[in-house]
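Notes follow once the structure below has been shown.
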Amino acid sequence: MGGNTFMDIGLGHYLAVSAILFALGLIVVMTRRNAIGILMGLELLLNAAGINFVAFNRFSAPERMDGQIFVIFIVILAAAEAATALALVLNIYHQIHTANVDEAHLLKQ
Amino acid sequence: MSAAGRGREGEWALSFHAIIFWALAAMTIVPAIGIVVSKNIVHMAFWLLGTLLGVAGLYLHMEADFLGMTQVFVYIGGINVLLLFGIMLTNREPLYVRAAVKRPAIASAVLLGVVVAVGLIQSFGATEWHTVKDAVAPGLADASAKAVVNGDGTAATLGTYLLSDYILPFEIVSILLLVVLVGAAYIARRDPEGGSA
């Protein structure tokens with residue numbers, strides 16, 4: 001397609017943004033001990049996937065909006081996941097008085 | 001529209017389009033870096049807010065107006081507030097979360113993150129994607145661009161999809177949400193005897 005990289009915004013630009021977001025989310029997931037911190041990293045990962053879906057929809061199959069439907073489902077699942085995970089974290093916190101995942105190593109108390 | 005006029009205007013629209021994109025990309029990535037480096041988990045939650053806003057902006061930039069608004073309502077209004085509630089309910093003492101993670105662990109995580117980012121960008125760049133258009137300025141043949149320009153927005157079309165082609169996933173997801181509602185309330189309840197739940 002030619003042109004310069006800074007002016008012609010195409011599919012690759014969105015994919016690059018989502019790749020960077022994905023990597024940052026991965027780092028967050030791996031470096032946190034607090035369960036809620038890990039959840040935040042997961043939200044970053046899901047958002048990166050969403051950007052990819054919308055970008056491919058926009059640039060590869062723009063005559064329909066199926067990619068956007070997938071993002072709606074991702075958002076719904078993210079909400080469900082956050083609610084369930086926070087309920088679990090609260091339960092763990094009541095039992096062992098910490099939200100750090102590496103201290104929650106007992107199957108049953 | 002004459003070819004010459006289209007050229008001038010197209011060029012202007014193109015640069016405007018590009019500037020908005022770079023601004024939104026910075027708005028997405030910079031707070032995400034903030035999440036990675038901040039030690040205070042409350043700060044992390046507020047940085048996450050910036051990233052989510054940036055992603056909403058990127059959705060709007062790709063003419064997905066319904067998704068952009070959904071992102072603001074559900075993520076920022078719902079999930080982020082939920083995370084903040086979780087932080088406040090589970091942190092009695094110090095909010096500093098990263099202090100105890102060992103330095104080699106952080107180094108290897110960052111290394112892996114850099115490798116993943118570089119690898120993904122490399123492979124994205126090396127792949128010949130099937131693209132309908134190089135897609136600089138919005139094209140009016142696109143379903144969502146047309147909907148936005150007509151003033152209808154994408155919500156009407158998305159609603160039609162959800163109740164026709166995607167009716168089964170839609171119903172399954174509604175059951176999932178019901179189960180999650182009940183399950184989360186059950187799991188998070190405090191046991192009256194103070195024993196195990």
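Identifiers for the structure tokens are assigned positionally: chains receive A, B, ... in sequence, residues are indexed from 1 per chain, and ligands are indexed from 1 in the order shown.
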
Requested in this report: Output as a PyMOL selection string the set of chain A residues within 6 Å of chain B, with distances taken over only C-alpha atoms.
Outcome: chain A and resi 7-10+16+19-20+23+27-28+31-32+59-60+62-64+84+87+90-91

Keeping only C-alpha atoms, write the selected residues to a file as a PDB file, in the first residue's frame.
```pdb
ATOM      1  CA  MET A   7      -0.239   8.739   8.355  1.00  0.00           C
ATOM      2  CA  ASP A   8      -1.812   5.661   6.811  1.00  0.00           C
ATOM      3  CA  ILE A   9      -3.495   3.998   9.736  1.00  0.00           C
ATOM      4  CA  GLY A  10      -4.329   0.440   8.780  1.00  0.00           C
ATOM      5  CA  ALA A  16       0.280  -3.484  17.187  1.00  0.00           C
ATOM      6  CA  ALA A  19      -0.203  -6.743  20.940  1.00  0.00           C
ATOM      7  CA  ILE A  20       1.427  -4.214  23.271  1.00  0.00           C
ATOM      8  CA  ALA A  23       2.015  -8.093  26.587  1.00  0.00           C
ATOM      9  CA  ILE A  27       3.298  -8.846  32.705  1.00  0.00           C
ATOM     10  CA  VAL A  28       0.648  -7.645  35.160  1.00  0.00           C
ATOM     11  CA  THR A  31       4.044  -9.998  38.581  1.00  0.00           C
ATOM     12  CA  ARG A  32       1.132  -9.506  40.966  1.00  0.00           C
ATOM     13  CA  PHE A  59     -10.580  -4.001   7.770  1.00  0.00           C
ATOM     14  CA  SER A  60     -11.297  -7.519   6.550  1.00  0.00           C
ATOM     15  CA  PRO A  62     -16.690  -4.577   6.840  1.00  0.00           C
ATOM     16  CA  GLU A  63     -19.962  -5.506   5.146  1.00  0.00           C
ATOM     17  CA  ARG A  64     -21.184  -7.226   8.306  1.00  0.00           C
ATOM     18  CA  THR A  84     -17.329 -14.522  40.176  1.00  0.00           C
ATOM     19  CA  ALA A  87     -16.812 -13.349  45.137  1.00  0.00           C
ATOM     20  CA  LEU A  90     -13.904 -12.231  49.239  1.00  0.00           C
ATOM     21  CA  ASN A  91     -14.497 -15.780  50.390  1.00  0.00           C
TER      22      ASN A  91
END
```

Need the shell around Asn100 in chain A: protein/DNA/RNA residues with any atom at most 10 Å away, counting only C-alpha atoms. Skip same-chain ones fewer than 3 positions apart. Format as a short mmCIF file (atom, residue, chain, number, x, y, z; two decimals) with C-alpha atoms, in the first residue's frame?
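Listing of selection15.cif after writing:
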```cif
data_model
loop_
_atom_site.label_atom_id
_atom_site.label_comp_id
_atom_site.auth_asym_id
_atom_site.auth_seq_id
_atom_site.Cartn_x
_atom_site.Cartn_y
_atom_site.Cartn_z
CA ARG A 32 1.13 -9.51 40.97
CA ARG A 33 0.44 -11.48 44.08
CA ASN A 34 -2.84 -9.78 44.86
CA ALA A 35 -5.75 -11.58 43.21
CA ILE A 36 -7.43 -8.31 42.24
CA GLY A 37 -4.24 -7.11 40.58
CA ILE A 38 -4.23 -10.31 38.53
CA VAL A 89 -11.53 -13.48 46.55
CA ILE A 92 -10.76 -16.51 50.51
CA TYR A 93 -10.18 -13.26 52.35
CA ILE A 96 -7.28 -16.70 55.40
CA HIS A 97 -7.35 -12.88 55.77
CA GLU A 103 -0.88 -17.76 50.32
CA ALA A 104 -4.12 -19.46 49.34
CA THR B 90 -9.98 -7.16 51.02
CA VAL B 97 1.17 -5.43 46.49
#
```

Query raised in the report: Counting only C-alpha atoms, what is within 12 Å of Leu46 in chain A, bar same-chain residues fewer than 5 positions away, as a PyMOL selection string?
Result: (chain A and resi 18-19+21-26+39-41+51-53+70-79+81-82) or (chain B and resi 52+55+71+75)

For C-alpha atoms, I'd like the residues from the last selection saved as an mmCIF file, in the first residue's frame.
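As a result, again-v1.cif now contains:
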```cif
data_model
loop_
_atom_site.group_PDB
_atom_site.id
_atom_site.type_symbol
_atom_site.label_atom_id
_atom_site.label_comp_id
_atom_site.auth_asym_id
_atom_site.auth_seq_id
_atom_site.Cartn_x
_atom_site.Cartn_y
_atom_site.Cartn_z
ATOM 1 C CA SER A 18 -3.436 -4.721 20.889
ATOM 2 C CA ALA A 19 -0.203 -6.743 20.940
ATOM 3 C CA LEU A 21 -1.670 -4.174 25.473
ATOM 4 C CA PHE A 22 -1.650 -7.978 25.568
ATOM 5 C CA ALA A 23 2.015 -8.093 26.587
ATOM 6 C CA LEU A 24 1.478 -5.516 29.333
ATOM 7 C CA GLY A 25 -1.505 -7.492 30.601
ATOM 8 C CA LEU A 26 0.632 -10.628 30.642
ATOM 9 C CA LEU A 39 -7.864 -9.637 37.570
ATOM 10 C CA MET A 40 -6.858 -6.217 36.254
ATOM 11 C CA GLY A 41 -4.231 -7.887 34.078
ATOM 12 C CA ILE A 51 -9.440 -4.504 19.756
ATOM 13 C CA ASN A 52 -8.321 -7.315 17.454
ATOM 14 C CA PHE A 53 -11.896 -8.453 16.803
ATOM 15 C CA PHE A 70 -17.983 -11.161 19.526
ATOM 16 C CA VAL A 71 -16.756 -8.160 21.484
ATOM 17 C CA ILE A 72 -20.185 -7.810 23.089
ATOM 18 C CA PHE A 73 -19.893 -11.411 24.272
ATOM 19 C CA ILE A 74 -16.338 -10.766 25.507
ATOM 20 C CA VAL A 75 -17.584 -7.828 27.566
ATOM 21 C CA ILE A 76 -20.395 -9.937 29.020
ATOM 22 C CA LEU A 77 -17.988 -12.737 29.907
ATOM 23 C CA ALA A 78 -15.538 -10.243 31.426
ATOM 24 C CA ALA A 79 -18.279 -8.897 33.652
ATOM 25 C CA GLU A 81 -15.682 -13.374 35.317
ATOM 26 C CA ALA A 82 -14.994 -10.275 37.416
ATOM 27 C CA LEU B 52 -10.366 1.250 29.284
ATOM 28 C CA VAL B 55 -9.878 1.253 24.220
ATOM 29 C CA GLN B 71 -17.109 -0.290 27.023
ATOM 30 C CA TYR B 75 -16.079 -1.694 32.024
#
```

Query raised in the report: Which one of B:Ile76, B:Met27, B:Ala156, B:Met69 sits closest to Gly54 in chain B if you count only C-alpha atoms?
Result: B:Met27

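Atom pair CA of Phe56 in chain A / CA of Leu11 in chain A: separated by 7.1 Å.
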
Query raised in the report: Mind pulling up the distance from CA of Asp65 in chain B to CA of Ala155 in chain B?
Result: 7.9 Å
